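Source file run.tsv; content: TSV, N, CA and C atoms.
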```
chain	number	residue	atom	x	y	z
F	1159	MET	N	-34.19	98.11	97.35
F	1159	MET	CA	-34.60	96.75	97.64
F	1159	MET	C	-35.11	96.10	96.35
F	1160	THR	N	-34.73	94.88	96.14
F	1160	THR	CA	-35.14	94.15	94.94
F	1160	THR	C	-36.63	93.83	95.01
F	1161	GLU	N	-37.30	94.15	93.93
F	1161	GLU	CA	-38.72	93.83	93.84
F	1161	GLU	C	-38.88	92.41	93.31
F	1162	ILE	N	-40.01	91.80	93.63
F	1162	ILE	CA	-40.31	90.45	93.14
F	1162	ILE	C	-41.64	90.50	92.41
F	1163	ALA	N	-41.62	90.03	91.18
F	1163	ALA	CA	-42.85	89.92	90.40
F	1163	ALA	C	-43.12	88.45	90.15
F	1164	LEU	N	-44.34	88.04	90.35
F	1164	LEU	CA	-44.77	86.66	90.12
F	1164	LEU	C	-45.69	86.63	88.92
F	1165	ILE	N	-45.33	85.83	87.95
F	1165	ILE	CA	-46.12	85.71	86.72
F	1165	ILE	C	-46.60	84.28	86.62
F	1166	THR	N	-47.91	84.11	86.40
F	1166	THR	CA	-48.51	82.78	86.37
F	1166	THR	C	-49.15	82.48	85.01
F	1167	CYS	N	-49.52	81.23	84.86
F	1167	CYS	CA	-50.33	80.80	83.71
F	1167	CYS	C	-51.71	81.43	83.82
F	1168	SER	N	-52.43	81.37	82.73
F	1168	SER	CA	-53.84	81.77	82.77
F	1168	SER	C	-54.65	80.79	81.92
F	1169	CYS	N	-54.19	79.59	81.89
F	1169	CYS	CA	-54.77	78.53	81.06
F	1169	CYS	C	-55.98	77.90	81.75
F	1170	PRO	N	-57.00	77.52	81.00
F	1170	PRO	CA	-58.14	76.85	81.62
F	1170	PRO	C	-57.88	75.37	81.95
F	1171	ALA	N	-56.72	74.86	81.57
F	1171	ALA	CA	-56.39	73.46	81.89
F	1171	ALA	C	-56.16	73.32	83.40
F	1172	ASN	N	-56.24	72.10	83.88
F	1172	ASN	CA	-56.10	71.86	85.31
F	1172	ASN	C	-54.78	72.39	85.87
F	1173	THR	N	-53.70	72.26	85.12
F	1173	THR	CA	-52.41	72.73	85.62
F	1173	THR	C	-52.30	74.25	85.62
F	1174	GLY	N	-52.92	74.90	84.65
F	1174	GLY	CA	-52.96	76.36	84.64
F	1174	GLY	C	-53.76	76.89	85.81
F	1175	LYS	N	-54.90	76.25	86.08
F	1175	LYS	CA	-55.70	76.63	87.24
F	1175	LYS	C	-54.91	76.43	88.53
F	1176	LEU	N	-54.16	75.34	88.58
F	1176	LEU	CA	-53.34	75.04	89.75
F	1176	LEU	C	-52.32	76.15	89.98
F	1177	ALA	N	-51.65	76.59	88.94
F	1177	ALA	CA	-50.66	77.66	89.07
F	1177	ALA	C	-51.31	78.95	89.56
F	1178	GLU	N	-52.41	79.33	88.98
F	1178	GLU	CA	-53.08	80.57	89.39
F	1178	GLU	C	-53.57	80.50	90.83
F	1179	LYS	N	-54.19	79.39	91.19
F	1179	LYS	CA	-54.74	79.26	92.54
F	1179	LYS	C	-53.63	79.13	93.59
F	1180	ALA	N	-52.53	78.49	93.23
F	1180	ALA	CA	-51.40	78.39	94.16
F	1180	ALA	C	-50.80	79.77	94.41
F	1181	ALA	N	-50.70	80.58	93.37
F	1181	ALA	CA	-50.19	81.94	93.54
F	1181	ALA	C	-51.11	82.76	94.44
F	1182	ALA	N	-52.41	82.63	94.23
F	1182	ALA	CA	-53.37	83.37	95.06
F	1182	ALA	C	-53.29	82.92	96.52
F	1183	SER	N	-53.18	81.61	96.74
F	1183	SER	CA	-53.06	81.08	98.09
F	1183	SER	C	-51.78	81.57	98.75
F	1184	PHE	N	-50.68	81.53	98.01
F	1184	PHE	CA	-49.40	82.02	98.53
F	1184	PHE	C	-49.51	83.48	98.94
F	1185	ASN	N	-50.07	84.30	98.09
F	1185	ASN	CA	-50.19	85.74	98.38
F	1185	ASN	C	-51.07	85.99	99.59
F	1186	GLN	N	-52.13	85.22	99.73
F	1186	GLN	CA	-53.04	85.39	100.86
F	1186	GLN	C	-52.34	85.05	102.17
F	1187	LYS	N	-51.53	84.01	102.16
F	1187	LYS	CA	-50.87	83.56	103.39
F	1187	LYS	C	-49.54	84.26	103.66
F	1188	ASN	N	-49.00	84.93	102.67
F	1188	ASN	CA	-47.69	85.58	102.80
F	1188	ASN	C	-47.74	87.00	102.25
F	1189	PRO	N	-48.57	87.85	102.83
F	1189	PRO	CA	-48.70	89.20	102.29
F	1189	PRO	C	-47.37	89.95	102.34
F	1190	GLY	N	-47.10	90.64	101.26
F	1190	GLY	CA	-45.91	91.47	101.20
F	1190	GLY	C	-44.66	90.78	100.66
F	1191	MET	N	-44.68	89.47	100.47
F	1191	MET	CA	-43.48	88.80	99.94
F	1191	MET	C	-43.32	89.04	98.44
F	1192	ILE	N	-44.42	89.29	97.76
F	1192	ILE	CA	-44.42	89.54	96.32
F	1192	ILE	C	-44.89	90.97	96.10
F	1193	ASP	N	-44.20	91.69	95.22
F	1193	ASP	CA	-44.59	93.07	94.93
F	1193	ASP	C	-45.71	93.15	93.90
F	1194	GLU	N	-45.67	92.28	92.91
F	1194	GLU	CA	-46.70	92.25	91.86
F	1194	GLU	C	-46.98	90.80	91.48
F	1195	THR	N	-48.24	90.49	91.28
F	1195	THR	CA	-48.63	89.18	90.76
F	1195	THR	C	-49.53	89.43	89.56
F	1196	MET	N	-49.26	88.71	88.48
F	1196	MET	CA	-50.06	88.88	87.27
F	1196	MET	C	-49.99	87.62	86.44
F	1197	ASN	N	-50.97	87.44	85.58
F	1197	ASN	CA	-50.85	86.32	84.65
F	1197	ASN	C	-50.10	86.81	83.41
F	1198	PHE	N	-49.57	85.88	82.68
F	1198	PHE	CA	-48.68	86.24	81.57
F	1198	PHE	C	-49.39	86.97	80.44
F	1199	ARG	N	-50.70	86.91	80.39
F	1199	ARG	CA	-51.43	87.61	79.33
F	1199	ARG	C	-51.60	89.09	79.63
F	1200	ASP	N	-51.30	89.48	80.87
F	1200	ASP	CA	-51.51	90.87	81.29
F	1200	ASP	C	-50.26	91.37	82.02
F	1201	LEU	N	-49.25	91.68	81.26
F	1201	LEU	CA	-47.98	92.10	81.84
F	1201	LEU	C	-47.85	93.60	82.01
F	1202	LYS	N	-48.95	94.33	81.93
F	1202	LYS	CA	-48.86	95.79	82.00
F	1202	LYS	C	-48.29	96.28	83.33
F	1203	ASN	N	-48.49	95.53	84.42
F	1203	ASN	CA	-47.94	95.98	85.71
F	1203	ASN	C	-46.42	95.89	85.77
F	1204	LEU	N	-45.81	95.13	84.88
F	1204	LEU	CA	-44.35	95.06	84.87
F	1204	LEU	C	-43.72	96.41	84.54
F	1205	LYS	N	-44.46	97.29	83.91
F	1205	LYS	CA	-43.89	98.60	83.58
F	1205	LYS	C	-43.63	99.42	84.84
F	1206	PHE	N	-44.22	99.04	85.96
F	1206	PHE	CA	-44.01	99.76	87.21
F	1206	PHE	C	-42.84	99.18	88.01
F	1207	ILE	N	-42.19	98.16	87.48
F	1207	ILE	CA	-41.09	97.49	88.17
F	1207	ILE	C	-39.79	97.77	87.43
F	1208	ASP	N	-38.75	98.07	88.19
F	1208	ASP	CA	-37.42	98.25	87.62
F	1208	ASP	C	-36.86	96.86	87.30
F	1209	LEU	N	-36.96	96.46	86.06
F	1209	LEU	CA	-36.56	95.11	85.66
F	1209	LEU	C	-35.08	94.85	85.85
F	1210	ASP	N	-34.27	95.91	85.95
F	1210	ASP	CA	-32.84	95.74	86.20
F	1210	ASP	C	-32.57	95.37	87.66
F	1211	ASP	N	-33.53	95.65	88.53
F	1211	ASP	CA	-33.38	95.36	89.96
F	1211	ASP	C	-34.59	94.58	90.46
F	1212	ALA	N	-34.99	93.57	89.70
F	1212	ALA	CA	-36.17	92.78	90.07
F	1212	ALA	C	-35.91	91.30	89.86
F	1213	ASP	N	-36.55	90.51	90.68
F	1213	ASP	CA	-36.58	89.07	90.48
F	1213	ASP	C	-37.92	88.73	89.87
F	1214	ILE	N	-37.88	88.08	88.72
F	1214	ILE	CA	-39.10	87.66	88.03
F	1214	ILE	C	-39.25	86.16	88.26
F	1215	VAL	N	-40.32	85.80	88.93
F	1215	VAL	CA	-40.61	84.39	89.23
F	1215	VAL	C	-41.79	83.98	88.37
F	1216	VAL	N	-41.62	82.89	87.64
F	1216	VAL	CA	-42.69	82.38	86.77
F	1216	VAL	C	-43.20	81.08	87.38
F	1217	LEU	N	-44.50	81.01	87.57
F	1217	LEU	CA	-45.16	79.79	88.05
F	1217	LEU	C	-46.10	79.34	86.95
F	1218	GLN	N	-45.71	78.30	86.26
F	1218	GLN	CA	-46.54	77.81	85.16
F	1218	GLN	C	-47.00	76.39	85.46
F	1219	GLY	N	-48.03	76.00	84.75
F	1219	GLY	CA	-48.64	74.71	85.02
F	1219	GLY	C	-47.97	73.54	84.34
F	1220	CYS	N	-47.58	73.71	83.09
F	1220	CYS	CA	-47.10	72.55	82.34
F	1220	CYS	C	-45.88	72.90	81.51
F	1221	GLU	N	-45.49	71.96	80.71
F	1221	GLU	CA	-44.29	72.11	79.88
F	1221	GLU	C	-44.54	72.88	78.59
F	1222	ASN	N	-45.72	73.43	78.38
F	1222	ASN	CA	-45.98	74.23	77.18
F	1222	ASN	C	-45.25	75.57	77.21
F	1223	ASP	N	-44.84	75.99	78.38
F	1223	ASP	CA	-44.03	77.21	78.55
F	1223	ASP	C	-44.69	78.48	78.02
F	1224	CYS	N	-45.99	78.59	78.11
F	1224	CYS	CA	-46.68	79.78	77.61
F	1224	CYS	C	-46.16	81.07	78.25
F	1225	PRO	N	-46.04	81.14	79.58
F	1225	PRO	CA	-45.51	82.38	80.16
F	1225	PRO	C	-44.08	82.67	79.70
F	1226	LEU	N	-43.25	81.64	79.61
F	1226	LEU	CA	-41.87	81.85	79.19
F	1226	LEU	C	-41.79	82.38	77.76
F	1227	LYS	N	-42.61	81.84	76.89
F	1227	LYS	CA	-42.61	82.31	75.50
F	1227	LYS	C	-43.00	83.77	75.42
F	1228	ARG	N	-43.98	84.18	76.21
F	1228	ARG	CA	-44.44	85.57	76.20
F	1228	ARG	C	-43.34	86.49	76.74
F	1229	LEU	N	-42.72	86.09	77.85
F	1229	LEU	CA	-41.65	86.90	78.42
F	1229	LEU	C	-40.48	87.02	77.46
F	1230	GLU	N	-40.13	85.91	76.83
F	1230	GLU	CA	-39.04	85.92	75.86
F	1230	GLU	C	-39.35	86.89	74.72
F	1231	LYS	N	-40.59	86.87	74.27
F	1231	LYS	CA	-41.02	87.78	73.20
F	1231	LYS	C	-40.84	89.24	73.63
F	1232	ASP	N	-41.05	89.51	74.91
F	1232	ASP	CA	-40.90	90.87	75.44
F	1232	ASP	C	-39.48	91.16	75.92
F	1233	GLY	N	-38.57	90.20	75.72
F	1233	GLY	CA	-37.17	90.41	76.11
F	1233	GLY	C	-36.92	90.35	77.60
F	1234	ILE	N	-37.75	89.62	78.34
F	1234	ILE	CA	-37.63	89.52	79.78
F	1234	ILE	C	-37.15	88.12	80.15
F	1235	ASN	N	-36.08	88.07	80.93
F	1235	ASN	CA	-35.54	86.79	81.38
F	1235	ASN	C	-35.92	86.57	82.84
F	1236	PRO	N	-36.69	85.53	83.14
F	1236	PRO	CA	-37.08	85.29	84.53
F	1236	PRO	C	-35.89	84.82	85.37
F	1237	THR	N	-35.98	85.10	86.65
F	1237	THR	CA	-34.98	84.67	87.61
F	1237	THR	C	-35.17	83.19	87.93
F	1238	VAL	N	-36.43	82.80	88.11
F	1238	VAL	CA	-36.78	81.43	88.49
F	1238	VAL	C	-38.03	81.01	87.75
F	1239	VAL	N	-38.07	79.74	87.36
F	1239	VAL	CA	-39.26	79.18	86.74
F	1239	VAL	C	-39.65	77.92	87.50
F	1240	LEU	N	-40.88	77.90	87.98
F	1240	LEU	CA	-41.44	76.71	88.62
F	1240	LEU	C	-42.55	76.18	87.71
F	1241	LYS	N	-42.58	74.86	87.54
F	1241	LYS	CA	-43.63	74.23	86.75
F	1241	LYS	C	-44.34	73.20	87.61
F	1242	ALA	N	-45.65	73.27	87.66
F	1242	ALA	CA	-46.40	72.27	88.41
F	1242	ALA	C	-46.11	70.87	87.88
F	1243	SER	N	-45.87	70.77	86.59
F	1243	SER	CA	-45.58	69.46	85.98
F	1243	SER	C	-44.28	68.87	86.53
F	1244	ASP	N	-43.36	69.69	87.01
F	1244	ASP	CA	-42.13	69.18	87.61
F	1244	ASP	C	-42.37	68.53	88.97
F	1245	PHE	N	-43.54	68.75	89.53
F	1245	PHE	CA	-43.90	68.17	90.82
F	1245	PHE	C	-44.93	67.06	90.67
F	1246	GLY	N	-45.02	66.51	89.46
F	1246	GLY	CA	-45.86	65.35	89.23
F	1246	GLY	C	-47.26	65.63	88.71
F	1247	PHE	N	-47.59	66.87	88.46
F	1247	PHE	CA	-48.92	67.19	87.96
F	1247	PHE	C	-48.95	67.10	86.44
F	1248	VAL	N	-50.00	66.51	85.92
F	1248	VAL	CA	-50.13	66.28	84.49
F	1248	VAL	C	-51.30	67.09	83.96
F	1249	ARG	N	-51.06	67.76	82.86
F	1249	ARG	CA	-52.14	68.50	82.19
F	1249	ARG	C	-53.06	67.48	81.53
F	1250	ASN	N	-54.29	67.40	82.03
F	1250	ASN	CA	-55.20	66.37	81.52
F	1250	ASN	C	-56.67	66.75	81.63
F	1251	GLY	N	-56.98	67.93	81.26
F	1251	GLY	CA	-58.38	68.33	81.29
F	1251	GLY	C	-58.54	69.67	81.97
F	1252	THR	N	-59.76	69.94	82.39
F	1252	THR	CA	-60.05	71.24	82.99
F	1252	THR	C	-60.59	71.12	84.42
F	1253	ASP	N	-60.32	70.00	85.06
F	1253	ASP	CA	-60.77	69.85	86.44
F	1253	ASP	C	-60.12	70.89	87.34
F	1254	ASP	N	-60.83	71.25	88.39
F	1254	ASP	CA	-60.26	72.16	89.37
F	1254	ASP	C	-59.27	71.40	90.25
F	1255	PRO	N	-58.17	72.04	90.62
F	1255	PRO	CA	-57.19	71.36	91.48
F	1255	PRO	C	-57.72	71.22	92.90
F	1256	SER	N	-57.22	70.23	93.60
F	1256	SER	CA	-57.63	70.04	94.99
F	1256	SER	C	-56.92	71.05	95.88
F	1257	PHE	N	-57.46	71.25	97.06
F	1257	PHE	CA	-56.84	72.14	98.03
F	1257	PHE	C	-55.42	71.66	98.36
F	1258	ALA	N	-55.26	70.36	98.52
F	1258	ALA	CA	-53.94	69.80	98.84
F	1258	ALA	C	-52.93	70.09	97.73
F	1259	ASP	N	-53.36	69.98	96.48
F	1259	ASP	CA	-52.47	70.26	95.36
F	1259	ASP	C	-52.09	71.74	95.32
F	1260	ILE	N	-53.05	72.60	95.56
F	1260	ILE	CA	-52.79	74.04	95.60
F	1260	ILE	C	-51.77	74.35	96.69
F	1261	GLU	N	-51.97	73.78	97.85
F	1261	GLU	CA	-51.06	74.04	98.97
F	1261	GLU	C	-49.67	73.49	98.71
F	1262	LYS	N	-49.58	72.36	98.02
F	1262	LYS	CA	-48.27	71.79	97.69
F	1262	LYS	C	-47.47	72.75	96.80
F	1263	ILE	N	-48.12	73.26	95.77
F	1263	ILE	CA	-47.43	74.18	94.86
F	1263	ILE	C	-47.16	75.51	95.55
F	1264	ALA	N	-48.07	75.99	96.37
F	1264	ALA	CA	-47.84	77.24	97.12
F	1264	ALA	C	-46.64	77.09	98.05
F	1265	ALA	N	-46.47	75.93	98.66
F	1265	ALA	CA	-45.32	75.68	99.53
F	1265	ALA	C	-44.02	75.68	98.73
F	1266	GLU	N	-44.04	75.10	97.54
F	1266	GLU	CA	-42.85	75.12	96.68
F	1266	GLU	C	-42.52	76.54	96.25
F	1267	LEU	N	-43.54	77.32	95.99
F	1267	LEU	CA	-43.34	78.72	95.63
F	1267	LEU	C	-42.70	79.48	96.80
F	1268	LYS	N	-43.16	79.21	98.00
F	1268	LYS	CA	-42.61	79.89	99.18
F	1268	LYS	C	-41.12	79.55	99.34
F	1269	LYS	N	-40.77	78.29	99.14
F	1269	LYS	CA	-39.35	77.89	99.22
F	1269	LYS	C	-38.53	78.68	98.18
F	1270	CYS	N	-39.09	78.79	97.01
F	1270	CYS	CA	-38.41	79.49	95.93
F	1270	CYS	C	-38.21	80.96	96.28
F	1271	ILE	N	-39.24	81.62	96.75
F	1271	ILE	CA	-39.18	83.05	97.08
F	1271	ILE	C	-38.19	83.29	98.23
F	1272	ARG	N	-38.22	82.43	99.21
F	1272	ARG	CA	-37.28	82.59	100.33
F	1272	ARG	C	-35.83	82.42	99.89
F	1273	GLY	N	-35.63	81.65	98.82
F	1273	GLY	CA	-34.29	81.41	98.33
F	1273	GLY	C	-33.71	82.53	97.47
F	1274	LEU	N	-34.51	83.53	97.18
F	1274	LEU	CA	-34.02	84.64	96.33
F	1274	LEU	C	-33.13	85.59	97.12
```

Write-out of the structure in structure tokens:
Amino acid sequence: MTEIALITCSCPANTGKLAEKAAASFNQKNPGMIDETMNFRDLKNLKFIDLDDADIVVLQGCENDCPLKRLEKDGINPTVVLKASDFGFVRNGTDDPSFADIEKIAAELKKCIRGL
């Protein structure tokens, strides 16, 4: 069975917080859909996943592509990349995201995971 790893931002900016909190909300409401969740700064759990038979989903906050750059450096090509900025969110400070915003991105993530 194909494993699914979810990699998120870990940025203190509002969009990075949005990505992390949306991933946590998704995991809480959909237990078992993701095999591993981690932020891009801590990819050590990827060593437990067969990358040849895995879907790597990246949920990042903005267009800075921090998770993508890190994965590229490690020679890992993600299956899907979602950016909160593609859904109208703008990186503009360190405010905490609203519950509605978190749920919006978590719903987009669920659509993505179901489509794999």

- Message: Using only N, CA and C atoms - which residues lie no farther than 8 Å from the point (-57.4, 72.0, 86.4) in the file's frame? Write them as a ChimeraX atom specification.
- Response: /F:1169-1177,1249-1256

- For Val1239 in chain F, which residue among F:Ser1168, F:Gln1186, F:Leu1217, F:Lys1205 is the nearest when counting only C-alpha atoms? F:Leu1217

- Query: Smallest atom-to-atom distance to Lys1241 in chain F: which of F:Asp1259, F:Asp1208, F:Asp1200, F:Glu1221, using all atoms listed in the file?
  - Reply: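 Nearest candidate to Lys1241 in chain F out of F:Asp1259, F:Asp1208, F:Asp1200, F:Glu1221: F:Glu1221.
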
- Item | Test item: residues at most 6 Å from Ala1242 in chain F, all atoms listed in the file, excluding those fewer than 3 positions along its chain, as a VMD selection string | chain F and resid 1218 to 1220 1245 to 1247

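What separates CA of Asn1185 in chain F from atom C of Ala1264 in chain F is a distance of 9.4 Å.
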
- Quick one: DSSP alpha helix (DSSP H) residues in chain F, as a PyMOL selection string? chain F and resi 1172-1187+1224-1231+1257-1272

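Going from atom C of Asn1188 in chain F over to atom N of Leu1229 in chain F, you cover 24.9 Å.
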
- Query: Which residue gives the smallest distance to Ile1263 in chain F among F:Ala1180, F:Leu1201, F:Val1215, F:Val1248, with only C-alpha atoms counted?
  - Reply: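 Distance minimum relative to Ile1263 in chain F lands on F:Ala1180.
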
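At a cut-off of 9 Å from (-33.8, 93.0, 90.7), the residue set is Met1159, Thr1160, Glu1161, Ile1162, Ile1207, Asp1208, Leu1209, Asp1210, Asp1211, Ala1212, Asp1213, Ile1214 and Thr1237 of chain F (counting only C-alpha atoms).
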
Kindly export the residues of the current selection with N, CA and C atoms, as an mmCIF file, in the coordinates of the input.
```
data_model
loop_
_atom_site.group_PDB
_atom_site.id
_atom_site.type_symbol
_atom_site.label_atom_id
_atom_site.label_comp_id
_atom_site.auth_asym_id
_atom_site.auth_seq_id
_atom_site.Cartn_x
_atom_site.Cartn_y
_atom_site.Cartn_z
ATOM 1 N N MET F 1159 -34.190 98.110 97.350
ATOM 2 C CA MET F 1159 -34.600 96.750 97.640
ATOM 3 C C MET F 1159 -35.110 96.100 96.350
ATOM 4 N N THR F 1160 -34.730 94.880 96.140
ATOM 5 C CA THR F 1160 -35.140 94.150 94.940
ATOM 6 C C THR F 1160 -36.630 93.830 95.010
ATOM 7 N N GLU F 1161 -37.300 94.150 93.930
ATOM 8 C CA GLU F 1161 -38.720 93.830 93.840
ATOM 9 C C GLU F 1161 -38.880 92.410 93.310
ATOM 10 N N ILE F 1162 -40.010 91.800 93.630
ATOM 11 C CA ILE F 1162 -40.310 90.450 93.140
ATOM 12 C C ILE F 1162 -41.640 90.500 92.410
ATOM 13 N N ILE F 1207 -42.190 98.160 87.480
ATOM 14 C CA ILE F 1207 -41.090 97.490 88.170
ATOM 15 C C ILE F 1207 -39.790 97.770 87.430
ATOM 16 N N ASP F 1208 -38.750 98.070 88.190
ATOM 17 C CA ASP F 1208 -37.420 98.250 87.620
ATOM 18 C C ASP F 1208 -36.860 96.860 87.300
ATOM 19 N N LEU F 1209 -36.960 96.460 86.060
ATOM 20 C CA LEU F 1209 -36.560 95.110 85.660
ATOM 21 C C LEU F 1209 -35.080 94.850 85.850
ATOM 22 N N ASP F 1210 -34.270 95.910 85.950
ATOM 23 C CA ASP F 1210 -32.840 95.740 86.200
ATOM 24 C C ASP F 1210 -32.570 95.370 87.660
ATOM 25 N N ASP F 1211 -33.530 95.650 88.530
ATOM 26 C CA ASP F 1211 -33.380 95.360 89.960
ATOM 27 C C ASP F 1211 -34.590 94.580 90.460
ATOM 28 N N ALA F 1212 -34.990 93.570 89.700
ATOM 29 C CA ALA F 1212 -36.170 92.780 90.070
ATOM 30 C C ALA F 1212 -35.910 91.300 89.860
ATOM 31 N N ASP F 1213 -36.550 90.510 90.680
ATOM 32 C CA ASP F 1213 -36.580 89.070 90.480
ATOM 33 C C ASP F 1213 -37.920 88.730 89.870
ATOM 34 N N ILE F 1214 -37.880 88.080 88.720
ATOM 35 C CA ILE F 1214 -39.100 87.660 88.030
ATOM 36 C C ILE F 1214 -39.250 86.160 88.260
ATOM 37 N N THR F 1237 -35.980 85.100 86.650
ATOM 38 C CA THR F 1237 -34.980 84.670 87.610
ATOM 39 C C THR F 1237 -35.170 83.190 87.930
#
```

- Item | Atom pair atom C of Glu1230 in chain F / atom C of Ile1260 in chain F: separation (Å) | 28.2 Å

- Task: Mind listing the strand (DSSP E) residues of chain F, per DSSP on the backbone, as a ChimeraX atom specification?
- Result: /F:1161-1166,1194-1197,1212-1218,1238-1241

Expected file contents, prior selection, N, CA and C atoms, as an mmCIF file, keeping the file's coordinate frame:
```
data_model
loop_
_atom_site.group_PDB
_atom_site.id
_atom_site.type_symbol
_atom_site.label_atom_id
_atom_site.label_comp_id
_atom_site.auth_asym_id
_atom_site.auth_seq_id
_atom_site.Cartn_x
_atom_site.Cartn_y
_atom_site.Cartn_z
ATOM 1 N N GLU F 1161 -37.300 94.150 93.930
ATOM 2 C CA GLU F 1161 -38.720 93.830 93.840
ATOM 3 C C GLU F 1161 -38.880 92.410 93.310
ATOM 4 N N ILE F 1162 -40.010 91.800 93.630
ATOM 5 C CA ILE F 1162 -40.310 90.450 93.140
ATOM 6 C C ILE F 1162 -41.640 90.500 92.410
ATOM 7 N N ALA F 1163 -41.620 90.030 91.180
ATOM 8 C CA ALA F 1163 -42.850 89.920 90.400
ATOM 9 C C ALA F 1163 -43.120 88.450 90.150
ATOM 10 N N LEU F 1164 -44.340 88.040 90.350
ATOM 11 C CA LEU F 1164 -44.770 86.660 90.120
ATOM 12 C C LEU F 1164 -45.690 86.630 88.920
ATOM 13 N N ILE F 1165 -45.330 85.830 87.950
ATOM 14 C CA ILE F 1165 -46.120 85.710 86.720
ATOM 15 C C ILE F 1165 -46.600 84.280 86.620
ATOM 16 N N THR F 1166 -47.910 84.110 86.400
ATOM 17 C CA THR F 1166 -48.510 82.780 86.370
ATOM 18 C C THR F 1166 -49.150 82.480 85.010
ATOM 19 N N GLU F 1194 -45.670 92.280 92.910
ATOM 20 C CA GLU F 1194 -46.700 92.250 91.860
ATOM 21 C C GLU F 1194 -46.980 90.800 91.480
ATOM 22 N N THR F 1195 -48.240 90.490 91.280
ATOM 23 C CA THR F 1195 -48.630 89.180 90.760
ATOM 24 C C THR F 1195 -49.530 89.430 89.560
ATOM 25 N N MET F 1196 -49.260 88.710 88.480
ATOM 26 C CA MET F 1196 -50.060 88.880 87.270
ATOM 27 C C MET F 1196 -49.990 87.620 86.440
ATOM 28 N N ASN F 1197 -50.970 87.440 85.580
ATOM 29 C CA ASN F 1197 -50.850 86.320 84.650
ATOM 30 C C ASN F 1197 -50.100 86.810 83.410
ATOM 31 N N ALA F 1212 -34.990 93.570 89.700
ATOM 32 C CA ALA F 1212 -36.170 92.780 90.070
ATOM 33 C C ALA F 1212 -35.910 91.300 89.860
ATOM 34 N N ASP F 1213 -36.550 90.510 90.680
ATOM 35 C CA ASP F 1213 -36.580 89.070 90.480
ATOM 36 C C ASP F 1213 -37.920 88.730 89.870
ATOM 37 N N ILE F 1214 -37.880 88.080 88.720
ATOM 38 C CA ILE F 1214 -39.100 87.660 88.030
ATOM 39 C C ILE F 1214 -39.250 86.160 88.260
ATOM 40 N N VAL F 1215 -40.320 85.800 88.930
ATOM 41 C CA VAL F 1215 -40.610 84.390 89.230
ATOM 42 C C VAL F 1215 -41.790 83.980 88.370
ATOM 43 N N VAL F 1216 -41.620 82.890 87.640
ATOM 44 C CA VAL F 1216 -42.690 82.380 86.770
ATOM 45 C C VAL F 1216 -43.200 81.080 87.380
ATOM 46 N N LEU F 1217 -44.500 81.010 87.570
ATOM 47 C CA LEU F 1217 -45.160 79.790 88.050
ATOM 48 C C LEU F 1217 -46.100 79.340 86.950
ATOM 49 N N GLN F 1218 -45.710 78.300 86.260
ATOM 50 C CA GLN F 1218 -46.540 77.810 85.160
ATOM 51 C C GLN F 1218 -47.000 76.390 85.460
ATOM 52 N N VAL F 1238 -36.430 82.800 88.110
ATOM 53 C CA VAL F 1238 -36.780 81.430 88.490
ATOM 54 C C VAL F 1238 -38.030 81.010 87.750
ATOM 55 N N VAL F 1239 -38.070 79.740 87.360
ATOM 56 C CA VAL F 1239 -39.260 79.180 86.740
ATOM 57 C C VAL F 1239 -39.650 77.920 87.500
ATOM 58 N N LEU F 1240 -40.880 77.900 87.980
ATOM 59 C CA LEU F 1240 -41.440 76.710 88.620
ATOM 60 C C LEU F 1240 -42.550 76.180 87.710
ATOM 61 N N LYS F 1241 -42.580 74.860 87.540
ATOM 62 C CA LYS F 1241 -43.630 74.230 86.750
ATOM 63 C C LYS F 1241 -44.340 73.200 87.610
#
```

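All residues of protein, DNA or RNA that reach within 8 Å of Leu1267 in chain F, judged by only N, CA and C atoms and not counting those fewer than 2 positions away in the chain, are Ala1180, Ala1181, Phe1184, Leu1217, Leu1240, Glu1261, Lys1262, Ile1263, Ala1264, Ala1265, Lys1269, Cys1270, Ile1271, Arg1272 and Gly1273 of chain F.
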
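Among the candidate residues F:Ile1165, F:Val1216, F:Met1191, F:Met1196, the one lying nearest to Lys1268 in chain F is F:Met1191, with distances computed using only C-alpha atoms.
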